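Pasted below: coords_22.txt, compact mmCIF, C-alpha atoms.
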# COMPACT_ATOMS: atom_id res chain seq x y z
CA MET L 14 0.00 0.00 0.00
CA ARG L 15 1.45 3.31 -1.03
CA ILE L 16 0.17 6.66 0.02
CA LYS L 17 -0.85 8.37 -3.19
CA SER L 18 -2.10 11.67 -1.79
CA SER L 19 -0.71 12.74 1.53
CA GLN L 20 -3.05 15.74 1.55
CA ASP L 21 -6.10 13.48 1.37
CA LEU L 22 -4.60 11.35 4.12
CA ALA L 23 -4.20 14.37 6.41
CA THR L 24 -7.70 15.67 5.61
CA GLY L 25 -9.24 12.29 6.35
CA LEU L 26 -7.35 11.94 9.62
CA LEU L 27 -8.33 15.50 10.62
CA PHE L 28 -12.04 14.81 9.97
CA ILE L 29 -11.86 11.48 11.83
CA THR L 30 -10.10 13.13 14.79
CA ILE L 31 -12.58 15.99 15.07
CA GLY L 32 -15.56 13.67 14.64
CA GLY L 33 -14.15 11.26 17.22
CA ALA L 34 -13.45 14.06 19.69
CA ALA L 35 -16.99 15.38 19.29
CA LEU L 36 -18.31 11.86 19.85
CA VAL L 37 -16.26 11.45 23.06
CA ILE L 38 -17.10 14.90 24.44
CA GLY L 39 -20.76 14.50 23.56
CA ALA L 40 -20.98 10.94 24.88
CA ASP L 41 -23.01 11.87 27.97
CA TYR L 42 -25.45 14.25 26.27
CA PRO L 43 -28.95 12.82 26.72
CA LEU L 44 -30.36 11.02 23.69
CA GLY L 45 -34.00 11.29 24.62
CA SER L 46 -36.50 9.10 22.84
CA ALA L 47 -37.41 8.79 19.18
CA GLN L 48 -40.49 10.92 19.89
CA ARG L 49 -38.57 13.59 21.77
CA PRO L 50 -34.95 13.57 20.55
CA GLY L 51 -32.57 14.92 23.18
CA THR L 52 -29.55 17.18 23.09
CA GLY L 53 -27.18 14.42 22.07
CA VAL L 54 -28.84 13.14 18.92
CA LEU L 55 -27.68 15.68 16.34
CA PRO L 56 -24.07 15.87 17.60
CA ARG L 57 -23.86 12.09 17.40
CA ILE L 58 -25.31 11.93 13.87
CA LEU L 59 -22.99 14.67 12.65
CA SER L 60 -19.95 13.11 14.35
CA TRP L 61 -20.58 9.80 12.63
CA CYS L 62 -21.14 11.54 9.29
CA LEU L 63 -17.86 13.42 9.73
CA ILE L 64 -16.01 10.24 10.70
CA GLY L 65 -17.52 8.42 7.71
CA THR L 66 -16.51 11.17 5.29
CA GLY L 67 -13.05 11.24 6.83
CA LEU L 68 -12.72 7.46 6.43
CA ILE L 69 -13.65 7.60 2.75
CA ILE L 70 -11.16 10.41 2.12
CA TRP L 71 -8.53 8.47 4.09
CA LEU L 72 -9.16 5.35 2.00
CA LYS L 73 -9.00 7.40 -1.18
CA ALA L 74 -5.50 8.49 -0.21
CA PHE L 75 -4.42 4.85 -0.69
CA LEU L 76 -6.72 3.70 -3.49
CA GLY L 77 -7.35 6.88 -5.47
CA GLU L 78 -5.44 8.05 -8.50
CA GLY L 79 -3.24 10.31 -6.43
CA GLY L 80 -3.42 13.97 -5.59
CA PRO L 81 -1.54 16.90 -4.14
CA ARG L 82 1.15 16.18 -1.59
CA LEU L 83 1.31 17.84 1.77
CA THR L 84 3.68 20.79 1.86
CA GLY L 85 5.96 21.26 4.84
CA TRP L 86 4.56 22.47 8.12
CA ALA L 87 5.00 26.16 8.78
CA TRP L 88 5.08 25.98 12.54
CA ARG L 89 6.49 29.40 13.17
CA PRO L 90 3.80 31.58 11.55
CA ALA L 91 1.01 29.17 12.48
CA ILE L 92 1.88 29.22 16.18
CA LEU L 93 2.89 32.85 16.52
CA ILE L 94 0.01 34.39 14.55
CA THR L 95 -2.47 32.29 16.54
CA LEU L 96 -0.70 33.28 19.76
CA ALA L 97 -0.91 36.95 18.74
CA ALA L 98 -4.69 36.79 18.38
CA ALA L 99 -5.07 34.80 21.62
CA ALA L 100 -2.77 37.14 23.54
CA PHE L 101 -4.80 40.15 22.46
CA ALA L 102 -8.04 38.50 23.53
CA LEU L 103 -6.66 37.48 26.93
CA THR L 104 -4.99 40.78 27.82
CA ILE L 105 -7.33 43.44 26.42
CA ASP L 106 -9.61 43.44 29.47
CA ARG L 107 -6.95 43.48 32.14
CA LEU L 108 -3.91 45.20 30.69
CA GLY L 109 -5.62 47.67 28.41
CA LEU L 110 -5.47 48.45 24.73
CA ALA L 111 -1.87 49.71 24.59
CA ILE L 112 -0.20 46.62 26.03
CA ALA L 113 -2.56 44.20 24.28
CA MET L 114 -1.88 45.80 20.90
CA LEU L 115 1.89 45.84 21.47
CA LEU L 116 1.82 42.21 22.52
CA ALA L 117 -0.23 41.10 19.52
CA MET L 118 1.85 43.10 17.05
CA THR L 119 5.18 41.87 18.47
CA LEU L 120 4.09 38.24 18.47
CA ALA L 121 2.85 38.56 14.90
CA ALA L 122 6.11 40.24 13.85
CA LEU L 123 8.04 37.32 15.35
CA GLY L 124 6.08 35.04 13.01
CA THR L 125 8.41 35.65 10.09
CA PRO L 126 12.21 36.02 9.96
CA GLU L 127 11.78 38.82 7.43
CA THR L 128 10.57 41.42 9.92
CA ARG L 129 12.66 44.59 9.68
CA TRP L 130 12.65 45.74 13.27
CA ARG L 131 13.28 49.42 12.66
CA GLU L 132 10.27 49.58 10.36
CA TYR L 133 8.33 47.52 12.86
CA GLY L 134 8.97 50.10 15.58
CA LEU L 135 7.62 52.87 13.40
CA PHE L 136 4.64 50.78 12.32
CA ALA L 137 3.81 49.76 15.89
CA ALA L 138 3.94 53.34 17.16
CA LEU L 139 1.69 54.48 14.33
CA MET L 140 -0.80 51.65 14.81
CA LEU L 141 -0.87 52.26 18.57
CA ALA L 142 -1.67 55.92 18.03
CA ILE L 143 -4.35 55.18 15.41
CA GLY L 144 -5.86 52.31 17.43
CA ILE L 145 -6.10 54.27 20.67
CA LEU L 146 -7.37 57.43 18.99
CA VAL L 147 -9.98 55.68 16.84
CA PHE L 148 -11.30 53.05 19.23
CA ARG L 149 -10.98 54.78 22.59
CA TYR L 150 -11.53 58.42 21.78
CA GLY L 151 -13.15 58.41 18.34
CA LEU L 152 -15.68 55.66 18.95
CA GLY L 153 -15.70 55.70 22.75
CA MET L 154 -15.48 51.93 23.00
CA PRO L 155 -15.45 50.65 26.58
CA VAL L 156 -11.78 49.64 26.64
CA THR L 157 -9.08 50.99 28.90
CA VAL L 158 -5.84 52.19 27.37
CA LEU L 159 -3.54 51.38 30.30
CA PRO L 160 -3.69 48.60 32.93
CA LYS L 161 -6.73 48.99 35.15
CA ASP L 162 -5.49 47.88 38.56
CA LEU L 163 -1.85 47.02 38.59
CA PRO L 164 -1.79 44.64 41.59
CA MET L 165 -3.40 42.03 39.35
CA THR L 166 -5.38 39.09 40.49
CA TRP L 167 -4.80 36.95 37.47
CA GLU L 168 -7.59 34.60 36.72
CA LEU L 169 -8.63 32.83 33.59
CA PRO L 170 -11.60 34.32 31.79
CA TRP L 171 -13.73 31.32 32.56
CA ARG L 172 -14.62 30.03 36.02
CA MET X 14 -51.95 48.35 -1.23
CA GLU X 15 -52.75 49.92 -4.58
CA ILE X 16 -50.14 51.56 -6.75
CA GLY X 17 -51.63 55.03 -6.25
CA ALA X 18 -51.21 54.90 -2.50
CA LEU X 19 -47.66 53.62 -2.98
CA PHE X 20 -46.67 56.63 -5.06
CA ALA X 21 -48.40 59.02 -2.71
CA ASN X 22 -46.47 57.55 0.22
CA LEU X 23 -43.18 57.66 -1.67
CA ALA X 24 -43.80 61.27 -2.66
CA LEU X 25 -44.46 62.18 0.96
CA GLY X 26 -41.23 60.46 1.99
CA PHE X 27 -39.18 62.25 -0.65
CA SER X 28 -40.69 65.61 0.25
CA VAL X 29 -39.32 65.16 3.76
CA ALA X 30 -35.99 63.57 2.84
CA VAL X 31 -34.90 65.79 -0.04
CA SER X 32 -33.77 68.91 1.75
CA LEU X 33 -30.20 70.20 1.63
CA GLN X 34 -29.81 69.60 5.35
CA ASN X 35 -31.08 66.03 5.30
CA LEU X 36 -29.01 65.14 2.25
CA PHE X 37 -25.96 66.52 4.08
CA TRP X 38 -26.68 64.30 7.10
CA CYS X 39 -27.08 61.35 4.75
CA LEU X 40 -23.70 62.10 3.18
CA MET X 41 -22.04 62.46 6.59
CA GLY X 42 -23.60 59.22 7.78
CA ALA X 43 -22.52 57.26 4.71
CA LEU X 44 -19.00 58.75 4.93
CA ILE X 45 -18.49 57.99 8.61
CA GLY X 46 -20.25 54.65 8.28
CA THR X 47 -17.90 53.58 5.50
CA ALA X 48 -14.86 54.73 7.46
CA ILE X 49 -15.91 52.72 10.51
CA GLY X 50 -17.25 49.80 8.52
CA VAL X 51 -13.82 49.31 6.94
CA LEU X 52 -12.46 48.26 10.34
CA PRO X 53 -12.66 44.46 10.39
CA GLY X 54 -15.05 43.06 12.94
CA VAL X 55 -17.17 46.19 13.21
CA GLY X 56 -20.28 45.36 11.19
CA PRO X 57 -23.29 47.54 10.37
CA VAL X 58 -25.07 46.88 13.65
CA ALA X 59 -22.00 47.61 15.78
CA THR X 60 -21.27 50.74 13.75
CA MET X 61 -24.80 52.05 14.27
CA ALA X 62 -24.62 51.31 17.97
CA LEU X 63 -21.31 53.14 18.25
CA LEU X 64 -22.44 56.17 16.26
CA LEU X 65 -25.93 56.41 17.76
CA PRO X 66 -24.91 59.17 20.23
CA ALA X 67 -23.75 61.31 17.29
CA THR X 68 -27.34 61.58 16.06
CA TYR X 69 -28.88 62.67 19.37
CA ALA X 70 -28.52 66.37 18.57
CA LEU X 71 -30.38 66.08 15.25
CA PRO X 72 -34.14 66.34 14.65
CA ALA X 73 -35.87 62.99 14.31
CA GLU X 74 -35.92 62.85 10.48
CA GLY X 75 -32.29 63.95 10.19
CA ALA X 76 -31.23 61.37 12.78
CA LEU X 77 -33.05 58.54 10.98
CA ILE X 78 -31.61 59.59 7.63
CA MET X 79 -28.10 59.78 9.06
CA LEU X 80 -28.50 56.34 10.63
CA ALA X 81 -29.64 54.96 7.29
CA GLY X 82 -26.55 56.49 5.71
CA ILE X 83 -24.37 54.93 8.40
CA TYR X 84 -26.00 51.57 7.80
CA TYR X 85 -25.38 51.60 4.07
CA GLY X 86 -21.86 52.95 4.52
CA ALA X 87 -20.95 50.26 7.03
CA GLN X 88 -22.58 47.59 4.90
CA TYR X 89 -20.36 48.63 1.99
CA GLY X 90 -17.22 49.35 4.03
CA GLY X 91 -16.73 45.70 4.90
CA SER X 92 -16.11 44.85 1.25
CA THR X 93 -12.91 46.93 1.15
CA THR X 94 -10.97 44.78 3.58
CA ALA X 95 -12.62 41.69 2.11
CA ILE X 96 -11.17 42.52 -1.32
CA LEU X 97 -7.77 43.87 -0.31
CA VAL X 98 -6.73 41.58 2.55
CA ASN X 99 -9.28 38.75 2.42
CA LEU X 100 -10.63 39.81 5.84
CA PRO X 101 -14.44 39.91 5.78
CA GLY X 102 -15.53 42.62 8.21
CA GLU X 103 -19.00 41.16 8.62
CA SER X 104 -20.98 38.15 7.56
CA SER X 105 -22.36 39.76 4.41
CA SER X 106 -18.92 40.44 2.94
CA VAL X 107 -17.72 36.85 3.28
CA VAL X 108 -18.93 36.19 -0.24
CA THR X 109 -17.04 39.26 -1.47
CA THR X 110 -13.77 37.67 -0.42
CA LEU X 111 -14.33 34.74 -2.79
CA ASP X 112 -14.25 36.70 -6.05
CA GLY X 113 -13.07 40.12 -4.91
CA HIS X 114 -9.84 38.95 -3.34
CA GLN X 115 -9.10 36.77 -6.38
CA MET X 116 -9.39 39.89 -8.55
CA ALA X 117 -7.13 41.85 -6.21
CA ARG X 118 -4.63 39.02 -6.40
CA GLN X 119 -4.53 39.41 -10.17
CA GLY X 120 -3.77 43.10 -9.79
CA ARG X 121 -7.35 44.17 -10.43
CA ALA X 122 -8.13 45.50 -6.97
CA GLY X 123 -9.31 48.83 -8.39
CA PRO X 124 -12.01 47.33 -10.63
CA ALA X 125 -13.03 44.98 -7.81
CA LEU X 126 -13.52 47.89 -5.41
CA ALA X 127 -15.44 49.82 -8.08
CA ILE X 128 -17.68 46.83 -8.79
CA ALA X 129 -18.35 46.43 -5.07
CA ALA X 130 -19.26 50.12 -4.75
CA LEU X 131 -21.47 50.22 -7.86
CA GLY X 132 -23.03 46.88 -7.05
CA SER X 133 -23.74 48.04 -3.52
CA PHE X 134 -25.35 51.24 -4.82
CA PHE X 135 -27.41 49.54 -7.54
CA ALA X 136 -28.56 46.65 -5.38
CA GLY X 137 -29.40 49.04 -2.54
CA CYS X 138 -31.63 51.11 -4.84
CA VAL X 139 -33.32 48.09 -6.43
CA ALA X 140 -33.83 46.40 -3.08
CA THR X 141 -35.40 49.54 -1.61
CA VAL X 142 -37.84 49.83 -4.52
CA ALA X 143 -38.55 46.11 -4.39
CA ILE X 144 -39.28 46.25 -0.67
CA ALA X 145 -41.57 49.25 -1.10
CA LEU X 146 -43.45 47.40 -3.83
CA ALA X 147 -43.46 43.91 -2.40
CA ALA X 148 -43.64 44.47 1.35
CA PRO X 149 -47.40 43.96 1.77
CA PRO X 150 -47.66 40.72 -0.27
CA LEU X 151 -44.34 39.50 1.16
CA THR X 152 -45.55 39.84 4.73
CA ARG X 153 -48.54 37.67 3.86
CA LEU X 154 -46.19 35.09 2.33
CA ALA X 155 -43.82 35.20 5.31
CA GLN X 156 -46.69 34.58 7.71
CA GLN X 157 -47.46 31.37 5.88
CA PHE X 158 -43.93 30.05 6.46
CA ARG X 159 -44.07 26.92 8.56
CA PRO X 160 -41.45 24.63 10.06
CA GLU X 161 -41.31 22.39 7.00
CA ASP X 162 -40.59 25.43 4.80
CA TYR X 163 -37.73 26.51 7.05
CA PHE X 164 -36.41 22.96 6.96
CA SER X 165 -36.54 22.87 3.15
CA LEU X 166 -34.75 26.21 2.96
CA MET X 167 -31.95 24.90 5.18
CA VAL X 168 -31.61 21.73 3.11
CA LEU X 169 -31.44 23.88 -0.02
CA GLY X 170 -28.67 25.95 1.56
CA LEU X 171 -26.65 22.88 2.52
CA VAL X 172 -27.08 21.31 -0.93
CA PHE X 173 -25.89 24.55 -2.52
CA ALA X 174 -22.91 24.64 -0.17
CA ILE X 175 -21.84 21.28 -1.58
CA VAL X 176 -22.78 21.90 -5.22
CA LEU X 177 -21.14 25.32 -5.41
CA ALA X 178 -17.95 24.29 -3.60
CA SER X 179 -14.95 24.26 -5.87
CA GLY X 180 -12.75 21.19 -5.64
CA SER X 181 -13.46 17.82 -4.09
CA VAL X 182 -17.14 17.09 -3.44
CA LEU X 183 -16.18 14.67 -0.69
CA LYS X 184 -14.28 17.36 1.19
CA ALA X 185 -17.23 19.72 0.72
CA PHE X 186 -19.41 17.11 2.45
CA GLY X 187 -16.91 16.87 5.29
CA MET X 188 -16.75 20.63 5.70
CA VAL X 189 -20.55 20.90 5.78
CA PHE X 190 -20.67 18.30 8.57
CA LEU X 191 -17.84 20.10 10.38
CA GLY X 192 -19.63 23.43 9.99
CA MET X 193 -22.88 22.01 11.36
CA LEU X 194 -20.96 20.48 14.25
CA LEU X 195 -19.44 23.89 15.01
CA GLY X 196 -22.93 25.35 14.79
CA LEU X 197 -24.05 23.05 17.59
CA VAL X 198 -21.71 24.73 20.09
CA GLY X 199 -23.72 26.64 22.65
CA THR X 200 -27.17 26.32 24.14
CA ASP X 201 -29.57 23.87 22.52
CA VAL X 202 -32.68 25.92 21.73
CA ASN X 203 -35.01 22.97 22.21
CA THR X 204 -33.91 21.76 25.63
CA GLY X 205 -31.76 24.52 27.09
CA ASN X 206 -28.86 22.12 27.61
CA THR X 207 -25.43 23.33 26.59
CA ARG X 208 -23.30 21.49 24.05
CA PHE X 209 -19.50 21.60 23.63
CA THR X 210 -19.16 24.74 25.76
CA PHE X 211 -16.57 23.41 28.28
CA ASP X 212 -18.27 25.72 30.84
CA ILE X 213 -16.85 28.78 29.11
CA GLY X 214 -19.47 31.49 29.46
CA GLU X 215 -18.58 33.12 26.16
CA LEU X 216 -19.49 29.93 24.30
CA PHE X 217 -23.02 29.61 25.69
CA ASP X 218 -24.24 31.80 22.85
CA GLY X 219 -22.45 29.69 20.27
CA ILE X 220 -19.50 30.55 18.08
CA GLY X 221 -20.06 33.89 16.42
CA PHE X 222 -20.09 33.89 12.64
CA VAL X 223 -17.74 36.84 12.23
CA PRO X 224 -14.93 35.49 14.47
CA LEU X 225 -15.15 32.15 12.68
CA ALA X 226 -15.11 33.72 9.22
CA MET X 227 -12.22 36.00 10.15
CA GLY X 228 -10.26 33.05 11.46
CA VAL X 229 -10.97 30.82 8.46
CA PHE X 230 -10.46 33.47 5.79
CA GLY X 231 -8.28 36.18 7.31
CA ILE X 232 -5.94 34.60 9.84
CA ALA X 233 -5.43 31.55 7.62
CA GLU X 234 -4.58 33.88 4.74
CA ILE X 235 -1.99 35.70 6.87
CA ILE X 236 -0.35 32.44 7.92
CA ALA X 237 -0.37 31.09 4.35
CA ASN X 238 1.19 34.32 3.12
CA LEU X 239 4.01 34.03 5.64
CA THR X 240 4.61 30.44 4.52
CA ASN X 241 4.98 30.54 0.75
CA ARG X 242 7.21 33.30 -0.45
CA GLU X 243 6.28 33.14 -4.12
CA ARG X 244 2.59 33.61 -3.37
CA ARG X 245 3.05 36.89 -1.49
CA ASP X 246 0.28 39.02 -2.86
CA LEU X 247 -1.30 40.88 0.04
CA ALA X 248 -1.62 44.45 -1.18
CA THR X 249 1.69 44.37 -3.01
CA ALA X 250 0.19 45.29 -6.37
CA ARG X 251 -0.68 48.94 -6.70
CA VAL X 252 -4.37 49.68 -6.46
CA ARG X 253 -5.44 51.44 -9.64
CA GLY X 254 -8.85 52.78 -10.51

Please, can you express the file's structure as structure tokens?
Amino acid sequence: MRIKSSQDLATGLLFITIGGAALVIGADYPLGSAQRPGTGVLPRILSWCLIGTGLIIWLKAFLGEGGPRLTGWAWRPAILITLAAAAFALTIDRLGLAIAMLLAMTLAALGTPETRWREYGLFAALMLAIGILVFRYGLGMPVTVLPKDLPMTWELPWR
Amino acid sequence: MEIGALFANLALGFSVAVSLQNLFWCLMGALIGTAIGVLPGVGPVATMALLLPATYALPAEGALIMLAGIYYGAQYGGSTTAILVNLPGESSSVVTTLDGHQMARQGRAGPALAIAALGSFFAGCVATVAIALAAPPLTRLAQQFRPEDYFSLMVLGLVFAIVLASGSVLKAFGMVFLGMLLGLVGTDVNTGNTRFTFDIGELFDGIGFVPLAMGVFGIAEIIANLTNRERRDLATARVRG
């Protein structure tokens, strides 16, 4: 058995993984009866459909006529750009717009080795000024610019 | 409603709206609305909510006209980022990214922006006339909509999602299932139980459409652009009219 399309293989495995995870997480959702279907019915149907589709795609990777190969993983941009968005979301409430924006921009700039840091400094300063002026003062959005209460009690946003 | 009454009502509306002052407020509203609507993530509703205080000082007609201008401006503004950087600002401009960004990629960002503007103007005018004409019969039709009709509409949408998808049909099926699974996150409207929320309060309402679309279209585009060097085409070509 040779793998003819590594992209199909990855897609199939991804679908199977997500479907399986949904099945496991949703395992204790009540099924109800056929007359009154419960919360768990639709997730279960969709999970099985997703797993089935994933299986067919996975099989096609071996039996099909071949397709595009997987390109290399780009860990650096994938991780850092995602981190940038997450960091902004987690810090905006507590640390204020200025620090959250700086954090997000710096993390995103680290995502590629091509960042020219002198230009980045200029860009960041400009974006900070525009962001604070437009969102805080122009639109009056309920965000603070600087940290609210510095002796922080750090807690996760849930619980 | 007969046609005569329709024209009488329209004439009354125009007699109020067409004054230099009200047209000026409309222009201001559309201008500011477009400027704010360009910001990704701030859709028409959010823009109107943000700019509502600006209309407090106006008389009632002027305020309504300015809000209408803001609405249309914000509705259109989202298409700019959708075309240039593949970031849909709101749900309605997701479709614009499909063709508009492809045009921008081929160096035709100017025509794409012009088409979006003209299309927005033309469709806005036609839709307004159509609503004025068809509102009374349409309300009667809408009242006859029953659960099976809603169900059929949804099936139609899902079938179209698969038929219109470019590329592998099988993967389109998978993505439709994945999308429906993502749509289940949040509170089940029938029972009130929560699904896939992991006790995170923000997820009780479900996953918002705009964050999802921005992640799938925008963030993925940024990452892909940082990966392949030869495909670097984010706003590198000059925008020409």

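Going from atom CA of Leu97 of chain X to atom CA of Gln115 of chain X covers 9.4 Å.
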
For segment 120-130 of chain L, list every protein, DNA or RNA residue within 8 Å, evaluated using all atoms listed in the file, and leave out those in the same chain fewer than 4 positions away; present the list as an mmCIF file with C-alpha atoms, keeping the file's coordinate frame.
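Produced file part-v5.cif, reproduced below:
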data_model
loop_
_atom_site.group_PDB
_atom_site.id
_atom_site.type_symbol
_atom_site.label_atom_id
_atom_site.label_comp_id
_atom_site.auth_asym_id
_atom_site.auth_seq_id
_atom_site.Cartn_x
_atom_site.Cartn_y
_atom_site.Cartn_z
ATOM 1 C CA ARG L 89 6.490 29.400 13.170
ATOM 2 C CA PRO L 90 3.800 31.580 11.550
ATOM 3 C CA ALA L 91 1.010 29.170 12.480
ATOM 4 C CA ILE L 92 1.880 29.220 16.180
ATOM 5 C CA LEU L 93 2.890 32.850 16.520
ATOM 6 C CA ILE L 94 0.010 34.390 14.550
ATOM 7 C CA LEU L 96 -0.700 33.280 19.760
ATOM 8 C CA ALA L 97 -0.910 36.950 18.740
ATOM 9 C CA LEU L 116 1.820 42.210 22.520
ATOM 10 C CA GLY L 134 8.970 50.100 15.580
ATOM 11 C CA LEU X 239 4.010 34.030 5.640
#

Which residue gives the smallest distance to chain X among L:Ala23, L:Val147, L:Leu59, L:Met118, with all atoms listed in the file counted? L:Leu59

Starting from chain X, keep only residues with some atom at most 6 Å from an atom of chain L, counting all atoms listed in the file, and report them as a PyMOL selection string. chain X and resi 187+190+213+236

Using only the atoms of segment 226-241 of chain X listed in the file, plus 3 Å on each side, state the axis-aligned box centre and edge lengths in Å rounded to one decimal, as lines of an AutoDock Vina configuration file.
center_x = -5.1
center_y = 33.3
center_z = 6.1
size_x = 26.1
size_y = 11.7
size_z = 16.7

Quick one: residues within 8 Å of segment 66-75 of chain X, all atoms listed in the file counted, chain neighbours fewer than 6 positions away excluded, as a CSV table (one decimal) with C-alpha atoms, in the coordinates of the input?
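out29.csv written:
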chain,number,residue,atom,x,y,z
X,29,VAL,CA,-39.3,65.2,3.8
X,30,ALA,CA,-36.0,63.6,2.8
X,34,GLN,CA,-29.8,69.6,5.4
X,35,ASN,CA,-31.1,66.0,5.3
X,38,TRP,CA,-26.7,64.3,7.1
X,39,CYS,CA,-27.1,61.4,4.8

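Atom CA of Val139 of chain X to atom CA of Ala81 of chain X spans 15.8 Å [interatomic distance, one decimal].
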
Taken to one decimal, the atom CA of Val202 of chain X-atom CA of Pro160 of chain X distance is 14.7 Å

List as a PyMOL selection string the protein and nucleic acid residues near Leu110 of chain L, meaning an atom at most 9 Å away when all atoms listed in the file are counted, but skip any in the same chain fewer than 3 places from it. chain L and resi 101+104-106+113-115+141+144-145+149+156-160

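Shortest separation to Gly33 of chain L among L:Leu68, L:Arg49, L:Gln20, L:Ala100 occurs at residue L:Leu68, atoms counted being all atoms listed in the file.
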
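For the set X:Gly231, X:Gly90, X:Gly26, X:Gly219, the residue with the smallest atom-to-atom gap to Met193 of chain X is X:Gly219, counting only C-alpha atoms.
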
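Of the listed residues X:Ile235, X:Ala24, X:Ala226, X:Ile78, the one whose atoms come nearest to Phe37 of chain X is X:Ile78, with distances taken using all atoms listed in the file.
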
Within 9 Å of segment 142-156 of chain X using all atoms listed in the file, minus same-chain residues under 5 positions, as a PyMOL selection string: chain X and resi 14+16+19+23+137
